[in-house]
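**Q** First, the structure itself, so that you have it in front of you.
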Amino acid sequence: MERQKAFELLLKYNKERYHIQHALAVEEVMKWFATELGYDPAFWGNVGLLHDIDFEMYPDQHCIKAAEILRSEGCDDDLIRAVCSHGYGITVDIKPEHEMEKVLYGADELTGIVFANAKMRPSGSIADMELKSLKKKFNNKAFAAGCSRDIISKGAEMLGWDIDKLLNMTLEAMRASEQTVLTQMEGID
C-alpha cells in the first residue's frame with residue numbers, strides 16, 4: 001500500500017487531532033525502528049500509521065473492527081495481522097510474533113508517555129528530553145495513567161530487551177521525528 005492511501009484511510013476513520021498526531025508519531029517511530037533493525041520502513045510505517053484506525057469510532061472493539069475496516073479497504077493480511085496484534089491480551093488473541101509487531105506492541109503506549117512528558121517540559125519539546133526524565137515519568141504510574149506500563153514492559157520482554165533499551169530507542173525515534181510530525185499536523189484541522 002502506498003503511504004498516501006494509508007494516510008487517506010487514517011483520515012477517513014479519524015477526525016480528532018490527537019488521534020491523527022498519535023498515528024503520525026507511531027508511523028515515524030516504526031519507520032525509525034525499521035531502519036535501525038534492517039527492515040523496510042515503508043511497510044512498518046504504514047502499520048504504525050494505521051494501527052489505531054478503529055480506535056476513535058469503535059474504542060470498545062479496538063483491533064477487532066480494524067480487521068474489518070482494513071480488509072474492506074483492500075489491505076493485505078500481513079498488514080491486518082500486524083495492526084491487530086498490538087491489541088494482544090486486551091481485545092484480541094493475535095500474539096505479536098514478528099519483530100515489527102513486538103516493537104509496535106511496546107512502543108505504541110510508550111509514545112503517549114513521551115508526548116505527555118514533553119507537554120510538561122518548559123520547552124514543550126521532546127528534543128531536550130533525556131532518558132532519566134522519561135524513566136521517572138514511566139515509573140510514576142499516576143503520570144499518563146492511560147498508558148499501560150505492563151504492555152510496554154511486555155513489549156520489551158517480547159523483544160528480549162530490557163526496558164531501558166525500549167525507552168531509549170523510542171525516545172530517540174521520537175526526538176528524530178518530532179519536527180516531521182509537527183509539520184504534517186499543520187494542515188489538519
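Residues are referred to by chain and number: the chain letter is A, B, ... according to the order shown in the C-alpha cells, the number counts from 1 in that chain, and ligands are numbered separately from 1 in the order shown.
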Excluding Leu24 (chain A) and residues on its chain fewer than 4 positions from it, collect all residues at most 9 Å away from it, counting only C-alpha atoms, and give them as a PDB file with C-alpha atoms, in the first residue's frame.

**A**
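Produced file part.pdb, reproduced below:
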```pdb
ATOM      1  CA  PHE A   7      -2.908   8.371   5.215  1.00  0.00           C
ATOM      2  CA  HIS A  19      -5.515  10.513  17.248  1.00  0.00           C
ATOM      3  CA  ILE A  20      -4.070  11.737  13.962  1.00  0.00           C
ATOM      4  CA  GLU A  28       7.609   7.744  12.319  1.00  0.00           C
ATOM      5  CA  VAL A  29       8.702   5.664  15.312  1.00  0.00           C
ATOM      6  CA  GLY A  45       5.405   2.988   8.725  1.00  0.00           C
ATOM      7  CA  GLY A  48       2.198   2.454  12.558  1.00  0.00           C
ATOM      8  CA  LEU A  49       0.007   4.913  10.685  1.00  0.00           C
ATOM      9  CA  THR A 180       8.262  15.835  10.835  1.00  0.00           C
ATOM     10  CA  VAL A 181       5.125  15.029  12.834  1.00  0.00           C
ATOM     11  CA  GLN A 184       2.456  17.074   8.937  1.00  0.00           C
ATOM     12  CA  MET A 185      -0.058  18.286  11.519  1.00  0.00           C
TER      13      MET A 185
END
```

**Q** Using DSSP secondary structure from the backbone, list all alpha helix (DSSP H) positions within chain A, as JSON, numbers by chain.

**A** {"A": [3, 4, 5, 6, 7, 8, 9, 10, 11, 12, 13, 17, 18, 19, 20, 21, 22, 23, 24, 25, 26, 27, 28, 29, 30, 31, 32, 33, 34, 35, 36, 37, 41, 42, 43, 44, 45, 46, 47, 48, 49, 50, 65, 66, 67, 68, 69, 70, 71, 72, 77, 78, 79, 80, 81, 82, 83, 84, 85, 99, 100, 101, 102, 103, 104, 105, 106, 107, 108, 109, 110, 111, 112, 113, 114, 115, 116, 117, 118, 119, 120, 131, 132, 133, 134, 135, 136, 137, 138, 139, 149, 150, 151, 152, 153, 154, 155, 156, 157, 158, 159, 163, 164, 165, 166, 167, 168, 169, 170, 171, 172, 173, 174, 175, 176, 177, 178, 179, 180, 181, 182, 183, 184, 185]}

**Q** I need the residue nearest Ser85 (chain A) from this list: A:Asp128, A:Ala67, A:Thr111, A:Trp161. Use only C-alpha atoms for the distance.

**A** A:Ala67

**Q** Using only C-alpha atoms, which of the listed residues (A:Pro96, A:Thr183, A:Cys75, A:Arg17) sits closest to Met158 (chain A)?

**A**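 Closest to Met158 (chain A), using only C-alpha atoms: A:Pro96.
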
**Q** Can you work out which one of A:Ile94, A:Leu104, A:Val47, A:Ile69 has the shortest atom-to-atom distance to Gly155 (chain A), counting only C-alpha atoms?

**A**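 Of the candidates, the smallest distance to Gly155 (chain A) is held by A:Leu104.
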
**Q** Just give me the gap between CA of His86 (chain A) and CA of Leu166 (chain A) in Å, one decimal is fine.

**A**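 Taking CA of His86 (chain A) as the start and CA of Leu166 (chain A) as the end point, the length is 15.8 Å.
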
**Q** Pick from A:Met100, A:Met57, A:Leu10, A:Ala176: nearest to Gly38 (chain A), with only C-alpha atoms counted?

**A**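 Residue with the minimum atom-to-atom distance to Gly38 (chain A): A:Met100.
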
**Q** For Gly89 (chain A), find every residue with an atom within 12 Å (counting only C-alpha atoms), except residues of its own chain fewer than 6 positions away, and show them as a PyMOL selection string.

**A** chain A and resi 62-63+95-96+105+150-151+154-155

**Q** May I have the residues within 6 Å of region 113-117 of chain A as a ChimeraX atom specification, using only C-alpha atoms and disregarding those fewer than 3 positions away in the same chain?

**A** /A:110,120,144
